[in-house]
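One structure is given below, encoded as structure tokens.
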Amino acid sequence: MEPSEVIRELWDRMQARDWAGVGELLSDDVVVEWPVSGERIVGRDDYVGVNAEYPEGWSIRVLRIVASGEEVVSEVEVPHETLGVHRVASFWTVRSGRVVTGREYWCELGSDPSPEWRAGRVERI
């Protein structure tokens, strides 16, 4: 698979809760960083486990995937029934059909309110 297809498949398998299938797309020693929460996940089992244990009620909608060689960026929306709508911008490195590194920026929509001083120069989305 091309690197962009690996990442598309990663999100599809997460949506399907196919945790064994997610693991098949990761290198044994994958490292994924979540800078917003200050966490690093090292290893396939821990990355799969963190995602599998996340409280149910979520779904995934891939907004876009952009790739250049082995580097892939995905933008995904993750609405949750009780925790709100999250967006994630993920930066992946894929080698030999496996994810070897990732850096994901998770945020909750509306959690960073715009300051009043910008009000005259921006539009709400």
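Identifiers for the structure tokens are assigned positionally: chains receive A, B, ... in sequence, residues are indexed from 1 per chain, and ligands are indexed from 1 in the order shown.
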
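Residue neighbourhood of Gly49 of chain A, excluding near-sequence residues (fewer than 6 positions): Met14, Arg17, Asp18, Trp19, Ala20, Val22, Gly23, Ile41, Val42, Gly43 and Pro55 of chain A, at 12 Å, using only C-alpha atoms.
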
Report as a tab-separated table (two decimals) with N, CA and C atoms, in the first residue's frame: the residues of chain A with a DSSP assignment of alpha helix (DSSP H), based on the backbone of this structure.
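Okay, part-v8.tsv is ready:
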```
chain	number	residue	atom	x	y	z
A	3	PRO	N	1.77	5.02	1.24
A	3	PRO	CA	1.64	5.60	2.57
A	3	PRO	C	0.28	6.26	2.84
A	4	SER	N	-0.27	6.97	1.87
A	4	SER	CA	-1.58	7.60	2.08
A	4	SER	C	-2.67	6.55	2.28
A	5	GLU	N	-2.56	5.42	1.58
A	5	GLU	CA	-3.54	4.34	1.74
A	5	GLU	C	-3.43	3.69	3.12
A	6	VAL	N	-2.20	3.60	3.64
A	6	VAL	CA	-2.01	3.05	4.98
A	6	VAL	C	-2.74	3.90	6.00
A	7	ILE	N	-2.62	5.21	5.88
A	7	ILE	CA	-3.26	6.10	6.85
A	7	ILE	C	-4.78	6.09	6.67
A	8	ARG	N	-5.27	6.05	5.47
A	8	ARG	CA	-6.72	5.92	5.24
A	8	ARG	C	-7.22	4.63	5.89
A	9	GLU	N	-6.48	3.55	5.69
A	9	GLU	CA	-6.86	2.26	6.27
A	9	GLU	C	-6.78	2.30	7.80
A	10	LEU	N	-5.78	3.01	8.34
A	10	LEU	CA	-5.66	3.15	9.79
A	10	LEU	C	-6.93	3.75	10.37
A	11	TRP	N	-7.39	4.86	9.79
A	11	TRP	CA	-8.60	5.50	10.28
A	11	TRP	C	-9.83	4.63	10.07
A	12	ASP	N	-9.91	3.93	8.93
A	12	ASP	CA	-11.05	3.04	8.67
A	12	ASP	C	-11.11	1.92	9.70
A	13	ARG	N	-9.95	1.35	10.03
A	13	ARG	CA	-9.92	0.26	11.00
A	13	ARG	C	-10.22	0.76	12.41
A	14	MET	N	-9.79	1.98	12.72
A	14	MET	CA	-10.17	2.55	14.02
A	14	MET	C	-11.68	2.72	14.10
A	15	GLN	N	-12.28	3.27	13.06
A	15	GLN	CA	-13.73	3.45	13.04
A	15	GLN	C	-14.44	2.11	13.22
A	19	TRP	N	-9.12	-3.56	16.19
A	19	TRP	CA	-7.87	-3.25	16.89
A	19	TRP	C	-6.73	-4.13	16.42
A	20	ALA	N	-6.98	-5.38	16.10
A	20	ALA	CA	-5.93	-6.24	15.55
A	20	ALA	C	-5.48	-5.69	14.20
A	21	GLY	N	-6.45	-5.22	13.40
A	21	GLY	CA	-6.13	-4.64	12.10
A	21	GLY	C	-5.35	-3.35	12.22
A	22	VAL	N	-5.67	-2.53	13.22
A	22	VAL	CA	-4.89	-1.32	13.46
A	22	VAL	C	-3.45	-1.70	13.75
A	23	GLY	N	-3.26	-2.68	14.61
A	23	GLY	CA	-1.92	-3.13	14.98
A	23	GLY	C	-1.11	-3.60	13.79
A	24	GLU	N	-1.76	-4.20	12.80
A	24	GLU	CA	-1.06	-4.68	11.60
A	24	GLU	C	-0.44	-3.54	10.80
A	44	ARG	N	3.53	-0.58	19.60
A	44	ARG	CA	2.26	-0.95	18.99
A	44	ARG	C	1.18	-1.24	20.03
A	45	ASP	N	1.50	-2.08	21.01
A	45	ASP	CA	0.48	-2.49	21.98
A	45	ASP	C	-0.09	-1.31	22.76
A	46	ASP	N	0.77	-0.38	23.14
A	46	ASP	CA	0.28	0.77	23.90
A	46	ASP	C	-0.56	1.70	23.03
A	47	TYR	N	-0.15	1.92	21.78
A	47	TYR	CA	-0.95	2.79	20.91
A	47	TYR	C	-2.32	2.18	20.65
A	48	VAL	N	-2.35	0.90	20.34
A	48	VAL	CA	-3.63	0.23	20.12
A	48	VAL	C	-4.46	0.26	21.41
A	49	GLY	N	-3.82	-0.03	22.54
A	49	GLY	CA	-4.53	-0.06	23.81
A	49	GLY	C	-5.15	1.27	24.19
A	50	VAL	N	-4.41	2.35	24.03
A	50	VAL	CA	-4.93	3.68	24.35
A	50	VAL	C	-6.18	3.97	23.52
A	51	ASN	N	-6.13	3.64	22.26
A	51	ASN	CA	-7.28	3.91	21.39
A	51	ASN	C	-8.44	2.97	21.68
A	52	ALA	N	-8.16	1.71	21.94
A	52	ALA	CA	-9.21	0.73	22.21
A	52	ALA	C	-9.94	1.03	23.53
```

Using backbone DSSP assignments, extract all strand (DSSP E or B) residues from segment 22-119 of chain A; output them as a PyMOL selection string. chain A and resi 26-34+39-42+58+61-68+71-80+84-95+98-108

Which residues are near Trp58 of chain A? Cut-off 7 Å, only C-alpha atoms, ignore same chain within fewer than 5 positions. Put them as a ChimeraX atom specification. /A:78-81

Non-local contacts of Glu108 of chain A (12 Å; only C-alpha atoms; under 6 positions in same chain excluded) as a PyMOL selection string: chain A and resi 36+76-80+83-89

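Shortest separation to Cys107 of chain A among A:Ile60, A:Leu25, A:Trp34, A:Glu71 occurs at residue A:Trp34, atoms counted being only C-alpha atoms.
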
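Minimum distance to Ser90 of chain A across A:Asp28, A:Glu116, A:Gly110, A:Ile65 (counting only C-alpha atoms) occurs at A:Ile65.
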
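Of the residues under consideration (A:Glu104, A:Ser74, A:Val99, A:Trp117), A:Ser74 shows the shortest atom-to-atom contact distance to Val62 of chain A when counting only C-alpha atoms.
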
Do you have the atom CA of Asp29 of chain A-atom CA of Arg64 of chain A distance handy? 26.3 Å
